[in-house]
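Q: This is work-v5.cif (mmCIF, C-alpha atoms).
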data_protein
#
loop_
_atom_site.label_atom_id
_atom_site.label_comp_id
_atom_site.auth_asym_id
_atom_site.auth_seq_id
_atom_site.Cartn_x
_atom_site.Cartn_y
_atom_site.Cartn_z
CA MET S 34 -10.81 4.18 11.27
CA ILE S 35 -10.13 1.15 9.22
CA GLY S 36 -7.73 -0.07 6.57
CA ASN S 37 -7.12 -3.36 4.83
CA ASP S 38 -4.66 -5.01 2.50
CA VAL S 39 -4.56 -8.27 0.63
CA VAL S 40 -1.51 -9.95 -0.89
CA ASP S 41 -1.91 -12.66 -3.52
CA LEU S 42 1.13 -14.74 -2.54
CA ASN S 43 1.50 -16.42 -5.92
CA LEU S 44 1.47 -13.09 -7.71
CA ALA S 45 3.82 -11.53 -5.15
CA ARG S 46 6.29 -14.33 -5.80
CA VAL S 47 6.31 -13.39 -9.49
CA GLN S 48 6.21 -9.60 -9.05
CA SER S 49 8.66 -9.12 -6.22
CA ASN S 50 11.99 -10.52 -5.21
CA TRP S 51 12.25 -9.47 -1.57
CA GLN S 52 15.53 -11.34 -1.26
CA ARG S 53 17.01 -8.73 -3.56
CA ASN S 54 19.88 -6.79 -2.02
CA GLY S 55 18.52 -3.77 -0.17
CA PHE S 56 14.83 -4.66 -0.37
CA LEU S 57 14.29 -5.62 3.27
CA ASP S 58 16.38 -2.64 4.42
CA LYS S 59 14.13 -0.20 2.58
CA VAL S 60 10.91 -1.56 4.04
CA PHE S 61 11.61 -3.05 7.44
CA LEU S 62 13.03 -1.82 10.72
CA THR S 63 15.70 -3.83 12.52
CA SER S 64 13.17 -5.39 14.89
CA GLU S 65 11.00 -6.44 11.96
CA LYS S 66 13.94 -7.90 10.04
CA GLN S 67 14.75 -9.91 13.15
CA ILE S 68 11.23 -11.35 13.19
CA ILE S 69 11.57 -12.30 9.54
CA GLN S 70 15.07 -13.69 9.71
CA SER S 71 14.40 -15.80 12.79
CA SER S 72 11.46 -17.60 11.19
CA ILE S 73 11.35 -20.65 8.95
CA TYR S 74 8.41 -19.02 7.13
CA GLN S 75 10.31 -15.97 5.95
CA ASN S 76 8.27 -15.44 2.80
CA LEU S 77 5.03 -15.47 4.80
CA LEU S 78 6.38 -13.07 7.39
CA VAL S 79 7.64 -10.61 4.79
CA TRP S 80 4.17 -10.35 3.26
CA LEU S 81 2.41 -10.46 6.62
CA LEU S 82 4.38 -7.49 7.92
CA TRP S 83 4.05 -5.75 4.57
CA SER S 84 0.26 -6.12 4.62
CA MET S 85 0.16 -4.89 8.23
CA LYS S 86 2.00 -1.71 7.22
CA GLU S 87 -0.17 -1.15 4.16
CA ALA S 88 -3.43 -1.72 6.04
CA ALA S 89 -2.38 0.48 8.96
CA TYR S 90 -1.14 3.29 6.74
CA LYS S 91 -4.43 3.25 4.82
CA ALA S 92 -6.31 3.76 8.09
CA HIS S 93 -3.82 6.45 9.15
CA GLN S 94 -4.00 8.19 5.79
CA ARG S 95 -7.79 8.35 5.97
CA ARG S 96 -7.74 9.53 9.55
CA PHE S 97 -5.52 12.53 8.90
CA LEU S 98 -6.34 12.99 5.21
CA LEU S 99 -2.74 12.48 4.22
CA PRO S 100 -1.30 11.93 0.80
CA ARG S 101 0.14 8.56 -0.04
CA LYS S 102 3.77 8.30 1.07
CA LEU S 103 6.51 5.69 0.71
CA ASN S 104 7.24 5.70 4.43
CA TRP S 105 7.42 2.04 5.39
CA GLN S 106 10.20 2.75 7.88
CA GLN S 107 7.86 5.04 9.82
CA GLN S 108 5.42 2.20 10.41
CA GLN S 109 6.58 -0.07 13.18
CA CYS S 110 5.05 -3.53 13.37
CA ARG S 111 4.78 -5.65 16.47
CA LEU S 112 3.46 -9.16 16.28
CA ARG S 113 1.51 -10.24 19.32
CA TYR S 114 0.73 -13.65 18.00
CA HIS S 115 1.01 -15.61 14.77
CA SER S 116 0.39 -19.11 13.52
CA ASN S 117 0.33 -20.36 9.97
CA LYS S 118 -3.35 -19.45 9.79
CA SER S 119 -3.65 -16.09 11.51
CA ALA S 120 -1.85 -13.27 13.22
CA GLN S 121 -2.55 -10.36 15.50
CA GLY S 122 -0.39 -7.37 16.03
CA GLU S 123 -0.01 -3.62 16.12
CA VAL S 124 1.49 -1.01 13.86
CA ARG S 125 2.72 2.24 15.31
CA ILE S 126 2.73 5.25 13.00
CA GLY S 127 3.86 8.45 14.68
CA ARG S 128 1.81 8.71 17.85
CA SER S 129 -0.95 6.49 16.51
CA ASN S 130 -1.32 2.80 17.14
CA TYR S 131 -3.34 0.48 14.92
CA PHE S 132 -4.47 -3.01 15.83
CA THR S 133 -4.16 -5.60 13.11
CA LYS S 134 -5.76 -8.96 12.49
CA SER S 135 -4.56 -11.11 9.66
CA THR S 136 -5.72 -14.30 8.01
CA ILE S 137 -3.08 -16.39 6.35
CA ALA S 138 -3.60 -18.98 3.64
CA SER S 139 -1.24 -20.63 1.19
CA THR S 140 -2.69 -18.40 -1.52
CA HIS S 141 -3.01 -15.07 0.18
CA ILE S 142 -2.65 -12.95 3.29
CA TYR S 143 -5.33 -10.51 4.36
CA THR S 144 -4.86 -7.88 7.04
CA LEU S 145 -7.37 -5.60 8.65
CA ALA S 146 -6.20 -2.59 10.68
CA THR S 147 -8.35 -0.64 13.11
CA LEU S 148 -7.69 2.26 15.43
CA ASP S 149 -9.97 0.86 18.08
CA ARG S 150 -9.01 -2.56 19.38
CA ASN S 151 -12.67 -3.42 19.92
CA SER S 152 -13.97 -2.14 16.62
CA SER S 153 -17.11 -3.57 15.12
CA TYR S 154 -16.70 -4.01 11.44
CA VAL S 155 -17.63 -5.99 8.39
CA SER S 156 -14.72 -7.44 6.49
CA ARG S 157 -14.69 -9.73 3.47
CA CYS S 158 -11.87 -11.08 1.40
CA PHE S 159 -12.52 -13.39 -1.52
CA GLU S 160 -11.31 -14.64 -4.84
CA GLY S 161 -12.83 -12.20 -7.29
CA HIS S 162 -12.51 -9.06 -9.31
CA PRO S 163 -12.16 -5.72 -7.46
CA GLU S 164 -15.40 -4.64 -9.10
CA LYS S 165 -17.18 -7.31 -7.08
CA ALA S 166 -15.72 -5.94 -3.84
CA ARG S 167 -16.84 -2.42 -4.77
CA ARG S 168 -20.32 -3.63 -5.64
CA GLU S 169 -20.75 -5.59 -2.42
CA LEU S 170 -19.51 -2.63 -0.40
CA LEU S 171 -22.03 -0.33 -2.09
CA ILE S 172 -24.83 -2.85 -1.48
CA ASP S 173 -23.92 -3.04 2.22
CA ILE S 174 -23.77 0.74 2.56
CA SER S 175 -27.03 1.27 0.70
CA LYS S 176 -28.73 -1.20 3.08
CA LEU S 177 -27.14 0.48 6.07
CA THR S 178 -28.22 3.96 5.03
CA GLY S 179 -31.63 2.87 3.72
CA SER S 180 -30.80 4.23 0.27
CA SER S 181 -31.22 2.74 -3.15
CA GLU S 182 -28.10 1.02 -4.49
CA THR S 183 -27.86 3.46 -7.36
CA SER S 184 -27.71 6.48 -5.08
CA ILE S 185 -24.43 5.43 -3.48
CA SER S 186 -21.17 5.79 -5.38
CA LEU S 187 -17.43 5.81 -4.85
CA PHE S 188 -15.34 8.87 -5.46
CA LYS S 189 -11.61 9.46 -5.01
CA ASN S 190 -10.26 12.69 -3.61
CA THR S 191 -7.02 14.34 -4.80
CA ASP S 192 -4.96 12.27 -2.36
CA GLY S 193 -6.41 9.11 -3.83
CA ILE S 194 -8.52 8.43 -0.76
CA PRO S 195 -11.87 6.88 -1.75
CA LEU S 196 -15.07 8.31 -0.32
CA LEU S 197 -18.62 7.04 -0.33
CA MET S 198 -21.07 9.54 -1.74
CA ARG S 199 -24.84 9.61 -1.52
CA GLN S 200 -25.97 12.22 -3.99
CA ASN S 201 -23.66 15.11 -3.11
CA ASP S 202 -22.97 14.18 0.47
CA VAL S 203 -20.11 12.15 1.84
CA VAL S 204 -21.39 9.12 3.72
CA PRO S 205 -19.55 9.21 7.06
CA ILE S 206 -18.70 5.53 7.19
CA HIS S 207 -15.09 4.41 7.31
CA PHE S 208 -14.20 1.77 4.80
CA SER S 209 -11.32 0.38 2.82
CA LEU S 210 -10.87 -1.63 -0.36
CA SER S 211 -7.92 -3.70 -1.43
CA SER S 212 -7.20 -6.07 -4.26
CA HIS S 213 -4.16 -7.88 -5.54
CA GLY S 214 -4.03 -10.61 -8.16
CA LYS S 215 -6.94 -12.99 -7.74
CA PHE S 216 -8.11 -11.52 -4.45
CA SER S 217 -10.32 -8.61 -3.58
CA SER S 218 -11.57 -7.32 -0.29
CA PHE S 219 -13.55 -4.65 1.42
CA CYS S 220 -14.24 -3.66 4.98
CA TRP S 221 -16.26 -1.03 6.75
CA SER S 222 -16.47 0.07 10.30
CA LEU S 223 -19.52 0.30 12.52
CA THR S 224 -17.58 2.10 15.22
CA LYS S 225 -17.04 5.84 15.39
CA PRO S 226 -13.29 6.61 15.55
CA MET U 78 23.14 14.80 -16.90
CA LYS U 79 20.28 16.58 -18.61
CA LYS U 80 16.75 16.29 -17.25
CA GLU U 81 15.52 14.66 -20.46
CA GLU U 82 18.17 11.97 -20.09
CA ILE U 83 17.09 11.32 -16.51
CA ILE U 84 13.44 11.04 -17.54
CA SER U 85 14.36 8.68 -20.35
CA LEU U 86 16.35 6.42 -18.03
CA LEU U 87 13.58 6.57 -15.46
CA LYS U 88 11.09 5.45 -18.08
CA GLN U 89 13.23 2.40 -18.81
CA ILE U 90 13.55 1.64 -15.12
CA VAL U 91 9.80 1.67 -14.43
CA ALA U 92 8.85 -0.13 -17.67
CA PRO U 93 8.88 -3.71 -16.31
CA TYR U 94 6.53 -2.79 -13.45
CA VAL U 95 3.94 -0.79 -15.37
CA GLN U 96 0.39 -2.13 -15.35
CA ASN U 97 -1.25 0.62 -17.40
CA ASP U 98 0.25 0.79 -20.91
CA ARG U 99 -1.75 3.80 -22.03
CA ALA U 100 -0.50 5.91 -19.15
CA PHE U 101 3.01 4.68 -19.91
CA GLU U 102 2.70 5.97 -23.46
CA ASN U 103 1.98 9.40 -21.99
CA PHE U 104 4.94 9.22 -19.60
CA SER U 105 5.81 12.71 -18.48
CA GLU U 106 6.87 14.63 -15.37
CA SER U 107 3.33 14.66 -14.07
CA THR U 108 2.93 10.89 -14.30
CA ASP U 109 2.12 9.31 -10.95
CA LEU U 110 3.76 5.91 -10.46
CA LEU U 111 0.96 4.43 -8.37
CA LYS U 112 -2.16 6.19 -9.64
CA ASP U 113 -1.35 6.49 -13.36
CA LEU U 114 1.04 3.63 -14.12
CA GLU U 115 -0.76 1.38 -11.60
CA ILE U 116 2.53 -0.01 -10.36
CA ASN U 117 2.12 -2.45 -7.51
CA SER U 118 3.26 -0.72 -4.31
CA ALA U 119 5.85 -3.43 -3.50
CA ASN U 120 7.45 -2.74 -6.89
CA LEU U 121 8.05 0.87 -5.81
CA VAL U 122 10.75 -0.56 -3.58
CA ASP U 123 12.30 -2.17 -6.67
CA ILE U 124 12.12 1.11 -8.55
CA ILE U 125 13.89 2.96 -5.77
CA LEU U 126 16.60 0.27 -5.67
CA ASP U 127 16.90 0.34 -9.47
CA VAL U 128 17.20 4.14 -9.45
CA GLU U 129 19.94 3.93 -6.80
CA ASP U 130 21.83 1.41 -8.96
CA GLU U 131 21.35 3.23 -12.24
CA PHE U 132 22.32 6.69 -11.02
CA ASN U 133 24.81 5.50 -8.42
CA ILE U 134 23.11 7.34 -5.57
CA ALA U 135 21.74 6.47 -2.14
CA ILE U 136 18.18 7.47 -1.39
CA ASP U 137 17.52 7.82 2.34
CA ASN U 138 14.13 7.21 3.90
CA GLU U 139 13.10 10.81 4.27
CA THR U 140 13.83 11.51 0.63
CA MET U 141 12.11 8.40 -0.68
CA ASP U 142 9.02 9.35 1.26
CA SER U 143 7.53 11.51 -1.50
CA MET U 144 8.88 9.80 -4.62
CA LEU U 145 5.52 9.17 -6.20
CA THR U 146 5.62 11.09 -9.45
CA VAL U 147 8.20 11.26 -12.22
CA LYS U 148 8.79 14.90 -11.28
CA ASP U 149 9.53 13.87 -7.66
CA ALA U 150 11.90 11.14 -8.79
CA VAL U 151 13.79 13.49 -11.12
CA LYS U 152 14.19 16.01 -8.28
CA VAL U 153 15.57 13.33 -5.96
CA ILE U 154 17.99 12.06 -8.60
CA GLU U 155 19.25 15.56 -9.40
CA LEU U 156 19.64 16.35 -5.70
CA LYS U 157 21.49 13.16 -4.86
CA ARG U 158 23.76 13.42 -7.91
CA ARG U 159 24.75 16.96 -6.86
CA GLU U 160 25.77 15.57 -3.49
CA LEU U 161 28.16 13.07 -5.10
#
Please express the file's structure as structure tokens.
A:
Amino acid sequence: MIGNDVVDLNLARVQSNWQRNGFLDKVFLTSEKQIIQSSIYQNLLVWLLWSMKEAAYKAHQRRFLLPRKLNWQQQQCRLRYHSNKSAQGEVRIGRSNYFTKSTIASTHIYTLATLDRNSSYVSRCFEGHPEKARRELLIDISKLTGSSETSISLFKNTDGIPLLMRQNDVVPIHFSLSSHGKFSSFCWSLTKP
Amino acid sequence: MKKEEIISLLKQIVAPYVQNDRAFENFSESTDLLKDLEINSANLVDIILDVEDEFNIAIDNETMDSMLTVKDAVKVIELKRREL
């Protein structure tokens, strides 16, 4: 199981005012607010923890075929390690635990969440249109399955969960796409859940 | 407050965050905030806070959980206003 999330920090600064009264309380647990408030890089930590929750919930949603929910308070983040370039942590959702790895740049934060700590995966985040991420994902999957590129397509189910289809069959490979502002990303897992 | 009034106020609240104008033109109870209006997920927090301010209600975590369509939001607003 895999999930990812990218935050374009420049766009986030324009779109969201997390300092707004009540914002942090809606999204973060007390322990998470403590992490944020005790740091000199508060803006970075807000979006790092946010992207950890989003990435982990995407993996969780796909795992249990759940609808999208606004349940940030049910996703508990723990940071094992972070620098101004990367971070590693975990997000607990219910009885599930997801391992996260994040890359941090002045322009964006990218988080990958996996169920298995030792997952093998392919993950790419770049400056580009989401269409490029979709195309590269389809190219990778067509190579992996030995199919022509045109035989693989993306389809969304009623919960908004995307699926890879080859003709009329679902390709059983876990993947995730995310884009925000200038950045797009995709990832797919080589490990069975 | 009539349902139509709530929907109208809700439409004004979400307006600044909408990233799909065509879907916004067809704003109705079945409109999905994320899928149809393409609102950035972080802005959903803003919408919930704006709704709390506008309708003078408090939306707890369990309730906010499923506030993804206009219909859901209207239900929450009506419920919370009855509790006032």
Q: At a cut-off of 9 Å, using all atoms listed in the file, what residues contact S:Arg150? Leave out same-chain residues fewer than 3 positions from it and give the result as a PyMOL selection string.
A: chain S and resi 131-133+147
Q: Compute the set of chain S residues within 8 Å of chain U, using all atoms listed in the file, and express it as a ChimeraX atom specification.
A: /S:48-49,55-56,59-60,102-104,106,193
Q: Rounded to one decimal, what separation in Å do you get between atom CA of U:Asp98 and atom CA of S:Leu42?
A: 24.1 Å
Q: Show me the residues around (-9.3, -8.0, 2.0) - criterion: an atom at most 6 Å away, all atoms listed in the file counted - as number ranges by chain.
A: S: 37-39, 143, 157-158, 211, 217-219
Q: Could you spell out the hits of the PyMOL selection byres ((chain S and resi 114) around 12) on the shown file, as a list of chain:residue names?
A: S:Ile68, S:Leu81, S:Cys110, S:Arg111, S:Leu112, S:Arg113, S:His115, S:Ser116, S:Asn117, S:Lys118, S:Ser119, S:Ala120, S:Gln121, S:Gly122, S:Glu123, S:Thr133, S:Lys134, S:Ser135, S:Thr136
Q: Can you tell me, as number ranges by chain, what residues are no more than 10 Å from U:Lys80 when counting all atoms listed in the file, ignoring any on the same chain fewer than 2 positions away?
A: U: 78, 82-86, 151-152, 154-155
Q: Return the single residue from S:Asn76, S:Asn130, S:Gln200, S:Asn190 that is closest to S:Gln52, with distances computed using all atoms listed in the file.
A: S:Asn76
Q: Taking all atoms of stretch 111-119 of chain U that the file lists and extending 8 Å past them on each side, where is the centre of the axis-aligned box and how long are its edges? Answer in Å to one decimal, as AutoDock Vina command-line options.
A:
--center_x 1.8 --center_y 1.5 --center_z -8.8 --size_x 24.0 --size_y 25.9 --size_z 26.6
Q: Would you please work out which residue, of U:Thr108, U:Asn97, U:Glu129, U:Arg158, is nearest to U:Lys79 when using only C-alpha atoms?
A: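 Under the stated criterion, the closest residue is U:Arg158.
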Q: Can you measure atom CA of S:Glu164 to atom CA of S:Gly36 for me? One decimal in Å is fine.
A: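 Spanning atom CA of S:Glu164 to atom CA of S:Gly36 is a straight-line distance of 18.0 Å.
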Q: What lies within 9 Å of S:Trp221 using only C-alpha atoms, ignoring chain neighbours under 5 positions off, as a count of residues only?
A: 14
Q: Could you tell me which residues the PyMOL selection byres ((chain S and resi 178) around 12) grabs in this file, written as a VMD selection string?
A: chain S and resid 171 to 177 179 to 182 184 to 185 197 to 199 203 to 206
Q: When you look at U:Leu161 with a cut-off of 10 Å (counting only C-alpha atoms), what residues show up, excluding the ones that are within fewer than 3 positions of it in the same chain? I need them as a PDB file with C-alpha atoms, keeping the file's coordinate frame.
A:
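So part_7.pdb came out as:
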ATOM      1  CA  ASN U 133      24.810   5.500  -8.420  1.00  0.00           C
ATOM      2  CA  ILE U 134      23.110   7.340  -5.570  1.00  0.00           C
ATOM      3  CA  ALA U 135      21.740   6.470  -2.140  1.00  0.00           C
ATOM      4  CA  LEU U 156      19.640  16.350  -5.700  1.00  0.00           C
ATOM      5  CA  LYS U 157      21.490  13.160  -4.860  1.00  0.00           C
ATOM      6  CA  ARG U 158      23.760  13.420  -7.910  1.00  0.00           C
TER       7      ARG U 158
END
Q: Counting all atoms listed in the file, which residues have an atom no more than 7 Å from (7.7, 12.3, -13.6) in the file's coordinates? Please list them as a list in words.
A: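 Looking at atoms near the point gives Ser105, Glu106, Ser107, Thr108, Asp109, Thr146, Val147, Lys148, Asp149, Ala150 and Val151 of chain U.
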Q: Since I can't run it myself right now, could you work out what the PyMOL selection byres ((chain S and resi 107) around 9) selects here and report it as a list in words?
A: Leu62, Asn104, Trp105, Gln106, Gln108, Gln109, Arg125, Ile126 and Gly127 of chain S; Asn138 of chain U
Q: Could the residues in this selection be saved with C-alpha atoms as a PDB file, in the coordinates of the input?
A:
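Saved to out.pdb:
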ATOM      1  CA  LEU S  62      13.030  -1.820  10.720  1.00  0.00           C
ATOM      2  CA  ASN S 104       7.240   5.700   4.430  1.00  0.00           C
ATOM      3  CA  TRP S 105       7.420   2.040   5.390  1.00  0.00           C
ATOM      4  CA  GLN S 106      10.200   2.750   7.880  1.00  0.00           C
ATOM      5  CA  GLN S 108       5.420   2.200  10.410  1.00  0.00           C
ATOM      6  CA  GLN S 109       6.580  -0.070  13.180  1.00  0.00           C
ATOM      7  CA  ARG S 125       2.720   2.240  15.310  1.00  0.00           C
ATOM      8  CA  ILE S 126       2.730   5.250  13.000  1.00  0.00           C
ATOM      9  CA  GLY S 127       3.860   8.450  14.680  1.00  0.00           C
TER      10      GLY S 127
ATOM     11  CA  ASN U 138      14.130   7.210   3.900  1.00  0.00           C
TER      12      ASN U 138
END
Q: Would you mind reading off the distance between atom CA of S:Val40 and atom CA of S:His141, one decimal, in Å?
A: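 Taking atom CA of S:Val40 and atom CA of S:His141, their separation equals 5.4 Å.
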Q: Looking at all atoms listed in the file, which of U:Leu114, U:Val95, U:Leu87, U:Ala100 is the one that sits closest to U:Val153?
A: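 The shortest atom-to-atom distance to U:Val153 comes from U:Leu87.
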Q: Closest to S:Ala88 among S:Thr144, S:Thr224, S:Ser129, S:Asn43, using only C-alpha atoms?
A: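 For S:Ala88, the nearest of the given residues is S:Thr144.
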